[in-house]
file model.txt (compact mmCIF, C-alpha atoms)
# COMPACT_ATOMS: atom_id res chain seq x y z
CA MET D 1 -12.14 7.16 -23.34
CA GLN D 2 -11.78 10.90 -23.91
CA PHE D 3 -14.68 13.30 -24.16
CA PRO D 4 -14.50 15.03 -27.59
CA ASP D 5 -15.18 18.77 -27.77
CA TYR D 6 -17.56 18.85 -30.73
CA TYR D 7 -17.98 22.62 -30.51
CA ALA D 8 -14.23 23.17 -30.89
CA THR D 9 -14.15 20.68 -33.78
CA LEU D 10 -16.68 22.79 -35.72
CA GLY D 11 -15.26 26.09 -34.43
CA VAL D 12 -18.54 27.33 -32.95
CA ASP D 13 -19.59 28.62 -29.54
CA ARG D 14 -21.54 26.41 -27.16
CA ASP D 15 -24.66 28.54 -27.65
CA ALA D 16 -24.44 28.44 -31.46
CA GLY D 17 -27.72 28.11 -33.35
CA GLN D 18 -28.52 25.40 -35.88
CA ASP D 19 -27.87 27.66 -38.88
CA GLU D 20 -24.42 28.59 -37.57
CA ILE D 21 -23.61 24.91 -36.95
CA LYS D 22 -24.71 23.97 -40.47
CA LYS D 23 -22.65 26.77 -42.05
CA ALA D 24 -19.57 25.76 -40.06
CA TYR D 25 -19.97 22.14 -41.13
CA ARG D 26 -20.30 23.03 -44.84
CA ARG D 27 -17.28 25.31 -44.67
CA LEU D 28 -15.11 22.63 -43.06
CA ALA D 29 -16.43 19.91 -45.36
CA ARG D 30 -15.33 21.92 -48.39
CA LYS D 31 -11.86 22.20 -46.87
CA TYR D 32 -11.30 18.65 -45.57
CA HIS D 33 -13.44 16.32 -47.67
CA PRO D 34 -11.00 13.61 -48.88
CA ASP D 35 -12.27 13.94 -52.45
CA VAL D 36 -11.09 17.54 -52.71
CA SER D 37 -8.62 18.15 -49.88
CA LYS D 38 -4.86 17.77 -50.18
CA GLU D 39 -4.35 17.86 -46.40
CA PRO D 40 -2.47 14.71 -45.25
CA ASP D 41 -4.93 14.08 -42.41
CA ALA D 42 -8.06 15.06 -44.33
CA GLY D 43 -9.80 11.72 -43.79
CA LYS D 44 -9.28 11.81 -40.04
CA ARG D 45 -10.32 15.45 -39.79
CA MET D 46 -13.42 14.85 -41.87
CA ALA D 47 -14.44 11.93 -39.67
CA ALA D 48 -14.22 14.16 -36.58
CA ILE D 49 -16.16 16.93 -38.33
CA ASN D 50 -18.90 14.53 -39.42
CA GLU D 51 -19.24 13.14 -35.91
CA ALA D 52 -19.41 16.61 -34.35
CA TYR D 53 -22.11 17.65 -36.82
CA GLU D 54 -23.96 14.36 -36.26
CA VAL D 55 -24.41 15.30 -32.61
CA LEU D 56 -24.77 19.08 -32.65
CA ALA D 57 -27.23 19.14 -35.57
CA ASP D 58 -29.62 16.83 -33.71
CA PRO D 59 -31.32 18.64 -30.77
CA GLU D 60 -31.81 15.46 -28.75
CA LYS D 61 -28.26 14.19 -29.21
CA ARG D 62 -26.95 17.67 -28.44
CA LYS D 63 -29.00 17.80 -25.22
CA VAL D 64 -27.55 14.50 -24.00
CA TYR D 65 -24.02 15.48 -25.07
CA ASP D 66 -24.23 18.85 -23.30
CA ALA D 67 -25.44 17.17 -20.11
CA VAL D 68 -22.48 14.77 -20.06
CA GLY D 69 -20.09 17.59 -20.92
CA HIS D 70 -21.39 19.77 -18.12
CA GLN D 71 -20.83 16.93 -15.64
CA ALA D 72 -17.29 16.36 -16.90
CA TRP D 73 -16.25 20.02 -16.86
CA ALA D 74 -17.74 20.41 -13.39
CA GLN D 75 -15.22 17.86 -12.16
CA GLY D 76 -12.39 20.31 -12.83
CA ALA D 77 -11.11 19.46 -16.31
CA ARG D 78 -9.27 22.45 -17.77
CA HIS D 79 -8.44 21.27 -21.25
CA ALA D 80 -10.33 19.37 -23.90
CA ASP D 81 -7.94 16.44 -23.61
CA ASP D 82 -8.64 16.19 -19.90
CA VAL D 83 -12.41 15.92 -20.21
CA ARG D 84 -14.00 12.52 -19.82
CA PRO D 85 -17.58 11.45 -19.10
CA PRO D 86 -18.28 11.18 -15.37
CA PRO D 87 -17.50 7.81 -13.73
CA GLY D 88 -20.24 5.30 -14.44
CA TRP D 89 -21.74 7.09 -17.46
CA GLN D 90 -19.95 5.37 -20.32
CA ARG D 91 -19.79 1.96 -18.64
CA GLY D 92 -23.53 1.51 -19.05
CA PHE D 93 -23.54 2.12 -22.80
CA GLU D 94 -22.17 -0.55 -25.07
CA SER D 95 -22.02 -0.40 -28.85
CA ALA D 96 -24.50 -2.46 -30.86
CA ALA D 97 -25.21 -3.28 -34.49
CA ASP D 98 -28.46 -1.30 -34.38
CA ALA D 99 -26.62 1.89 -33.36
CA GLU D 100 -27.15 3.10 -36.91
CA ALA D 101 -30.82 3.61 -36.00
CA PHE D 102 -29.64 6.69 -34.09
CA HIS D 103 -27.13 7.82 -36.73
CA GLY D 104 -27.35 9.64 -40.02
CA HIS D 105 -28.52 13.18 -39.26
CA GLY D 106 -27.51 14.94 -42.44
CA ARG D 107 -23.85 14.04 -42.41
CA ASP D 108 -21.66 12.86 -45.28
CA PRO D 109 -23.26 9.69 -46.74
CA GLY D 110 -19.78 8.20 -47.07
CA PHE D 111 -19.32 8.34 -43.31
CA ALA D 112 -19.31 4.72 -42.11
CA ALA D 113 -20.19 3.44 -38.62
CA ALA D 114 -16.55 2.49 -38.15
CA ASP D 115 -15.65 6.20 -38.41
CA TYR D 116 -17.39 7.02 -35.14
CA SER D 117 -15.29 7.52 -32.03
CA GLU D 118 -15.43 5.19 -29.04
CA PHE D 119 -17.25 7.91 -27.10
CA PHE D 120 -19.99 8.30 -29.73
CA GLU D 121 -20.62 4.57 -30.00
CA ALA D 122 -20.55 4.14 -26.22
CA LEU D 123 -23.14 6.85 -25.58
CA PHE D 124 -25.38 6.93 -28.62
CA GLY D 125 -25.16 3.24 -29.51
CA HIS D 126 -27.09 2.53 -26.34
CA ALA D 127 -29.43 5.45 -26.97
CA ALA D 128 -30.30 3.93 -30.34
CA ARG D 129 -31.43 0.69 -28.77
CA ALA D 130 -33.32 2.44 -25.99
CA SER D 131 -35.08 4.77 -28.41
CA ALA D 132 -36.08 1.91 -30.71
CA ARG D 133 -37.49 -0.08 -27.80
CA GLN D 134 -39.41 2.91 -26.50
CA ARG D 135 -41.03 3.35 -29.92
CA ALA D 136 -42.00 -0.34 -29.95
CA GLY D 137 -44.26 0.37 -26.97
CA ALA D 138 -45.85 -2.21 -24.70
CA ALA D 139 -46.43 -4.65 -27.55
CA GLN D 140 -43.07 -6.22 -26.78
CA ALA D 141 -41.25 -6.32 -23.47
CA TRP D 142 -37.54 -5.45 -23.67
CA PRO D 143 -35.31 -6.29 -20.69
CA GLY D 144 -33.05 -3.52 -19.48
CA GLU D 145 -29.32 -3.75 -20.07
CA ASP D 146 -26.74 -4.45 -17.42
CA GLN D 147 -24.74 -1.46 -16.25
CA HIS D 148 -21.11 -1.47 -15.12
CA ALA D 149 -19.30 0.93 -12.82
CA GLU D 150 -16.24 1.01 -10.57
CA ILE D 151 -16.13 1.69 -6.87
CA SER D 152 -13.00 2.57 -4.88
CA ILE D 153 -12.42 1.64 -1.25
CA ASP D 154 -9.34 1.59 0.98
CA ILE D 155 -7.68 -1.53 2.38
CA GLU D 156 -9.17 -1.17 5.87
CA GLU D 157 -12.66 -1.02 4.31
CA ALA D 158 -11.91 -4.19 2.35
CA TYR D 159 -11.26 -5.95 5.69
CA ARG D 160 -14.34 -4.75 7.55
CA GLY D 161 -16.83 -3.77 4.82
CA THR D 162 -18.34 -0.35 4.21
CA GLU D 163 -21.19 1.57 2.60
CA ARG D 164 -21.07 4.01 -0.29
CA THR D 165 -23.50 6.43 -1.88
CA LEU D 166 -23.22 6.03 -5.65
CA THR D 167 -24.36 8.61 -8.19
CA LEU D 168 -24.83 6.99 -11.59
CA GLN D 169 -25.45 8.64 -14.93
CA GLY D 170 -27.84 6.92 -17.32
CA ILE D 171 -30.61 7.70 -19.75
CA GLY D 172 -34.37 7.91 -19.50
CA PHE D 173 -37.31 9.15 -21.54
CA ASP D 174 -39.28 12.35 -21.30
CA ALA D 175 -43.05 12.69 -21.79
CA ALA D 176 -42.58 12.72 -25.56
CA GLY D 177 -40.56 9.50 -25.50
CA GLN D 178 -37.28 11.26 -26.29
CA VAL D 179 -33.96 10.11 -24.81
CA VAL D 180 -32.80 12.37 -21.97
CA PRO D 181 -29.98 12.09 -19.41
CA LYS D 182 -30.98 10.80 -16.00
CA THR D 183 -29.14 10.75 -12.68
CA ARG D 184 -29.90 8.33 -9.85
CA THR D 185 -28.42 7.70 -6.42
CA LEU D 186 -27.92 4.32 -4.74
CA GLN D 187 -26.84 3.35 -1.24
CA VAL D 188 -24.50 0.38 -1.71
CA LYS D 189 -23.23 -2.00 0.96
CA ILE D 190 -19.75 -3.38 0.30
CA PRO D 191 -19.30 -6.64 2.21
CA ALA D 192 -16.21 -7.42 4.28
CA GLY D 193 -13.61 -9.48 2.47
CA VAL D 194 -13.94 -8.16 -1.09
CA ALA D 195 -10.89 -8.77 -3.26
CA GLN D 196 -9.14 -6.51 -5.76
CA GLY D 197 -11.12 -6.51 -9.03
CA GLN D 198 -14.10 -8.42 -7.59
CA LEU D 199 -17.52 -7.82 -9.19
CA ILE D 200 -20.47 -7.09 -6.93
CA ARG D 201 -23.85 -7.76 -8.58
CA LEU D 202 -26.83 -5.63 -7.64
CA ALA D 203 -29.85 -7.36 -9.16
CA GLY D 204 -32.37 -5.08 -10.85
CA GLN D 205 -30.26 -1.94 -10.42
CA GLY D 206 -29.15 -1.69 -14.03
CA LEU D 207 -30.84 0.22 -16.83
CA PRO D 208 -34.65 0.08 -16.93
CA GLY D 209 -36.51 -2.17 -19.33
CA SER D 210 -39.28 -1.00 -21.65
CA GLY D 211 -42.71 -2.37 -22.42
CA GLY D 212 -42.84 -4.01 -19.02
CA GLY D 213 -39.42 -5.63 -19.33
CA ALA D 214 -37.35 -6.27 -16.22
CA PRO D 215 -34.44 -3.93 -15.43
CA GLY D 216 -30.88 -5.08 -15.92
CA ASP D 217 -28.32 -5.62 -13.20
CA LEU D 218 -25.62 -3.30 -11.94
CA TYR D 219 -22.09 -4.73 -11.66
CA LEU D 220 -19.64 -2.87 -9.46
CA LYS D 221 -15.95 -3.60 -9.97
CA VAL D 222 -14.07 -3.09 -6.72
CA HIS D 223 -10.82 -1.14 -6.77
CA ILE D 224 -8.89 -1.28 -3.49
CA CYS D 225 -6.67 1.78 -3.12
CA GLY D 226 -3.28 1.50 -1.45
CA ASP D 227 -0.86 4.15 -0.24
CA ALA D 228 2.83 4.55 0.55
CA ARG D 229 2.51 2.11 3.45
CA LEU D 230 -0.08 -0.39 2.22
CA ARG D 231 -0.76 -2.07 -1.11
CA VAL D 232 -2.93 -4.98 -2.14
CA SER D 233 -2.60 -7.82 -4.65
CA GLY D 234 -5.73 -9.94 -4.90
CA ARG D 235 -6.31 -10.82 -1.24
CA ASP D 236 -2.66 -10.45 -0.20
CA VAL D 237 -1.66 -7.23 1.54
CA HIS D 238 1.87 -5.77 1.66
CA MET D 239 2.67 -3.41 4.50
CA ARG D 240 5.85 -1.46 5.32
CA VAL D 241 6.87 -1.62 8.98
CA ALA D 242 9.61 0.43 10.66
CA VAL D 243 11.91 -1.22 13.22
CA THR D 244 14.90 0.08 15.16
CA PRO D 245 18.47 -0.93 14.28
CA TRP D 246 18.79 -2.88 17.54
CA GLU D 247 15.50 -4.71 16.95
CA ALA D 248 16.69 -5.70 13.48
CA ALA D 249 20.12 -6.77 14.76
CA LEU D 250 19.13 -8.54 17.98
CA GLY D 251 15.62 -9.70 17.15
CA ALA D 252 12.52 -8.76 19.13
CA ASP D 253 8.82 -9.38 19.69
CA ILE D 254 7.11 -6.28 18.33
CA GLN D 255 3.51 -5.05 18.25
CA VAL D 256 2.31 -3.97 14.79
CA ALA D 257 -0.97 -2.17 14.04
CA THR D 258 -2.28 -3.80 10.83
CA PRO D 259 -5.62 -3.76 8.98
CA ALA D 260 -6.25 -7.12 10.69
CA GLY D 261 -5.73 -5.55 14.12
CA VAL D 262 -2.73 -5.18 16.43
CA LEU D 263 -0.57 -8.28 15.96
CA SER D 264 2.40 -9.60 17.94
CA VAL D 265 5.22 -10.37 15.50
CA ASN D 266 8.51 -12.14 16.14
CA LEU D 267 11.30 -10.27 14.39
CA PRO D 268 14.24 -12.64 13.79
CA ALA D 269 17.74 -11.48 14.74
CA GLY D 270 19.83 -10.23 11.86
CA SER D 271 16.87 -8.89 9.85
CA ALA D 272 17.92 -6.58 7.03
CA LEU D 273 16.21 -3.67 5.30
CA GLY D 274 13.51 -4.97 2.93
CA ARG D 275 13.11 -8.37 4.57
CA LYS D 276 9.57 -9.75 4.25
CA LEU D 277 7.74 -11.49 7.08
CA ARG D 278 4.71 -13.52 6.02
CA LEU D 279 1.70 -13.64 8.33
CA LYS D 280 -0.42 -16.43 6.88
CA GLY D 281 -4.16 -15.77 6.65
CA LYS D 282 -3.89 -12.18 7.87
CA GLY D 283 -4.57 -10.62 4.48
CA ILE D 284 -8.04 -9.68 3.25
CA PRO D 285 -10.50 -12.16 4.80
CA GLY D 286 -12.66 -14.54 2.81
CA PRO D 287 -13.24 -18.25 2.11
CA MET D 288 -9.54 -18.37 1.20
CA PRO D 289 -8.02 -15.42 3.08
CA GLY D 290 -4.92 -13.74 1.76
CA ASP D 291 -1.60 -13.30 3.54
CA LEU D 292 -0.13 -10.19 5.11
CA TYR D 293 3.50 -9.44 4.18
CA LEU D 294 5.44 -7.08 6.45
CA GLU D 295 8.29 -5.36 4.59
CA LEU D 296 10.93 -4.00 6.98
CA ASP D 297 12.22 -0.44 7.08
CA ILE D 298 15.09 0.45 9.43
CA ALA D 299 14.32 3.63 11.37
CA VAL D 300 17.60 5.30 12.42
CA PRO D 301 17.20 7.72 15.35
CA SER D 302 19.11 11.00 15.53
CA ALA D 303 22.00 11.50 17.92
CA VAL D 304 21.08 14.66 19.83
CA THR D 305 22.10 14.30 23.46
CA PRO D 306 25.66 13.56 24.61
CA ALA D 307 24.56 10.10 25.77
CA GLN D 308 23.08 9.33 22.35
CA LYS D 309 26.21 10.49 20.57
CA ALA D 310 28.34 8.37 22.90
CA ALA D 311 26.16 5.34 22.18
CA TRP D 312 26.65 5.71 18.42
CA GLU D 313 30.40 6.23 18.88
CA ALA D 314 30.58 3.07 20.97
CA LEU D 315 28.68 1.19 18.27
CA ALA D 316 31.14 2.39 15.64
CA LYS D 317 34.09 1.22 17.77
CA ALA D 318 32.43 -2.19 18.23
CA TYR D 319 32.47 -2.72 14.44
CA PRO D 320 35.97 -1.59 13.36
CA GLY D 321 35.99 -3.72 10.22
CA PHE D 322 32.46 -3.01 9.02
CA ASP D 323 32.35 -1.24 5.63
CA PRO D 324 28.94 -0.68 3.98
CA ARG D 325 30.77 0.62 0.87
CA PRO D 326 33.31 -2.09 -0.01
CA SER D 327 36.17 -1.04 -2.30
CA GLY D 328 35.40 -1.46 -5.97
CA ALA D 329 31.65 -1.07 -5.46
CA ALA D 330 31.63 2.27 -7.30
CA SER D 331 33.27 0.78 -10.36
CA ARG D 332 30.80 -2.09 -10.72
call {"tool": "encode", "arguments": {"input": "model.txt", "output": "structure tokens"}}
result
Amino acid sequence: MQFPDYYATLGVDRDAGQDEIKKAYRRLARKYHPDVSKEPDAGKRMAAINEAYEVLADPEKRKVYDAVGHQAWAQGARHADDVRPPPGWQRGFESAADAEAFHGHGRDPGFAAADYSEFFEALFGHAARASARQRAGAAQAWPGEDQHAEISIDIEEAYRGTERTLTLQGIGFDAAGQVVPKTRTLQVKIPAGVAQGQLIRLAGQGLPGSGGGAPGDLYLKVHICGDARLRVSGRDVHMRVAVTPWEAALGADIQVATPAGVLSVNLPAGSALGRKLRLKGKGIPGPMPGDLYLELDIAVPSAVTPAQKAAWEALAKAYPGFDPRPSGAASR
């Protein structure tokens, strides 16, 4: 979900006043309104213009939008297409039918709810519900909504568990009851044995309720990061392991450092590049632990000393008929 640059859409600076924003909107509306414009993308352009004006013409919406934008740009985005809300912000805001309660600030009356972008509905759809509940006061208790976020850990941490400090973006209310951005920090314990895509529920850590209502829950979706040597699928782990040519040819008992610890592995004779060895139950632990698959790489040492060169020459003489590039292979 991309973060739209509403200021660029209206062609105004980020410190533009309300009069300048209104003039820019009227000028663009005269140019792109579908009833008068002959531009082929007039409808799409007008929808973007209406949405930008919807936010920037409302001081409270603009305050929330600027806060999210500042967070996103601070993360290093250099172009408008690169900018997204910070992780965790948009996942807590889901669209709702009553989002229209927060819409309609002077824009084109023909602008339907369906014309809003995913970003607008994600952020301000939730704000509409929160604002309406705040106005209802203590007469009715409204439970807080559940919030969703992702958390990334490496494979070793999935085996042994870890802790993370999470910074989540949400909304709150100021003294006047207006919606304002709010940041909170949580210390989260990730248990050992979590699987790829698993949801961790943190009861009562979602968005706050109003009127005495209980807070929602926070659901963390676990993403286990791999690398060039390790990758994960569910609870199964795939690991690349280098062996020598003589170990692959003759077989050997080798010691392999894995996320499950140092394991003794029997390498069968005649093992080829890419062969997989399955170590049952040595994947990510749990009630039904995954398997660990060792994928073989052949590490070929350099011939530097005279003795090493002689050894390779002797090997070549021992295999006079061996051809790794059989005739006709290039034409297939």
call {"tool": "atom_distance", "arguments": {"input": "model.txt", "atom1": "CA of Arg62 (chain D)", "atom2": "CA of Arg14 (chain D)"}}
result
10.4 Å
call {"tool": "residues_around", "arguments": {"input": "model.txt", "residues": "Leu56 (chain D)", "least_positions_apart": "4", "cutoff": "12 Å", "atoms": "only C-alpha atoms", "output": "count of residues only"}}
result
34
call {"tool": "atom_distance", "arguments": {"input": "model.txt", "atom1": "CA of Leu279 (chain D)", "atom2": "CA of Thr244 (chain D)"}}
result
20.2 Å
call {"tool": "closest_residue", "arguments": {"input": "model.txt", "among": "D:Leu315, D:Ala67, D:Val243, D:Leu230", "to": "Gly274 (chain D)", "atoms": "only C-alpha atoms"}}
result
D:Val243
call {"tool": "closest_residue", "arguments": {"input": "model.txt", "among": "D:His33, D:Met239, D:Glu145, D:Val265", "to": "Gly213 (chain D)", "atoms": "all atoms listed in the file"}}
result
D:Glu145
call {"tool": "closest_residue", "arguments": {"input": "model.txt", "among": "D:Arg201, D:Lys23, D:Lys221, D:Arg278", "to": "His238 (chain D)", "atoms": "all atoms listed in the file"}}
result
D:Arg278
call {"tool": "closest_residue", "arguments": {"input": "model.txt", "among": "D:Leu166, D:Ile284, D:Cys225, D:Ala195", "to": "Thr183 (chain D)", "atoms": "all atoms listed in the file"}}
result
D:Leu166
call {"tool": "residues_near_point", "arguments": {"input": "model.txt", "point": "(-0.1, -9.7, -1.5)", "cutoff": "12 Å", "atoms": "all atoms listed in the file", "output": "PDB file with C-alpha atoms, keeping the file's coordinate frame"}}
result
ATOM      1  CA  ILE D 155      -7.680  -1.530   2.380  1.00  0.00           C
ATOM      2  CA  ALA D 195     -10.890  -8.770  -3.260  1.00  0.00           C
ATOM      3  CA  GLN D 196      -9.140  -6.510  -5.760  1.00  0.00           C
ATOM      4  CA  GLY D 226      -3.280   1.500  -1.450  1.00  0.00           C
ATOM      5  CA  LEU D 230      -0.080  -0.390   2.220  1.00  0.00           C
ATOM      6  CA  ARG D 231      -0.760  -2.070  -1.110  1.00  0.00           C
ATOM      7  CA  VAL D 232      -2.930  -4.980  -2.140  1.00  0.00           C
ATOM      8  CA  SER D 233      -2.600  -7.820  -4.650  1.00  0.00           C
ATOM      9  CA  GLY D 234      -5.730  -9.940  -4.900  1.00  0.00           C
ATOM     10  CA  ARG D 235      -6.310 -10.820  -1.240  1.00  0.00           C
ATOM     11  CA  ASP D 236      -2.660 -10.450  -0.200  1.00  0.00           C
ATOM     12  CA  VAL D 237      -1.660  -7.230   1.540  1.00  0.00           C
ATOM     13  CA  HIS D 238       1.870  -5.770   1.660  1.00  0.00           C
ATOM     14  CA  MET D 239       2.670  -3.410   4.500  1.00  0.00           C
ATOM     15  CA  LYS D 276       9.570  -9.750   4.250  1.00  0.00           C
ATOM     16  CA  LEU D 277       7.740 -11.490   7.080  1.00  0.00           C
ATOM     17  CA  ARG D 278       4.710 -13.520   6.020  1.00  0.00           C
ATOM     18  CA  LEU D 279       1.700 -13.640   8.330  1.00  0.00           C
ATOM     19  CA  LYS D 280      -0.420 -16.430   6.880  1.00  0.00           C
ATOM     20  CA  GLY D 281      -4.160 -15.770   6.650  1.00  0.00           C
ATOM     21  CA  LYS D 282      -3.890 -12.180   7.870  1.00  0.00           C
ATOM     22  CA  GLY D 283      -4.570 -10.620   4.480  1.00  0.00           C
ATOM     23  CA  ILE D 284      -8.040  -9.680   3.250  1.00  0.00           C
ATOM     24  CA  PRO D 289      -8.020 -15.420   3.080  1.00  0.00           C
ATOM     25  CA  GLY D 290      -4.920 -13.740   1.760  1.00  0.00           C
ATOM     26  CA  ASP D 291      -1.600 -13.300   3.540  1.00  0.00           C
ATOM     27  CA  LEU D 292      -0.130 -10.190   5.110  1.00  0.00           C
ATOM     28  CA  TYR D 293       3.500  -9.440   4.180  1.00  0.00           C
ATOM     29  CA  LEU D 294       5.440  -7.080   6.450  1.00  0.00           C
ATOM     30  CA  GLU D 295       8.290  -5.360   4.590  1.00  0.00           C
TER      31      GLU D 295
END
call {"tool": "closest_residue", "arguments": {"input": "model.txt", "among": "D:Met46, D:Val222, D:Val194, D:Val68", "to": "Gly286 (chain D)", "atoms": "all atoms listed in the file"}}
result
D:Val194
call {"tool": "closest_residue", "arguments": {"input": "model.txt", "among": "D:Ser37, D:Ser302, D:Thr162, D:Thr258", "to": "Lys189 (chain D)", "atoms": "only C-alpha atoms"}}
result
D:Thr162
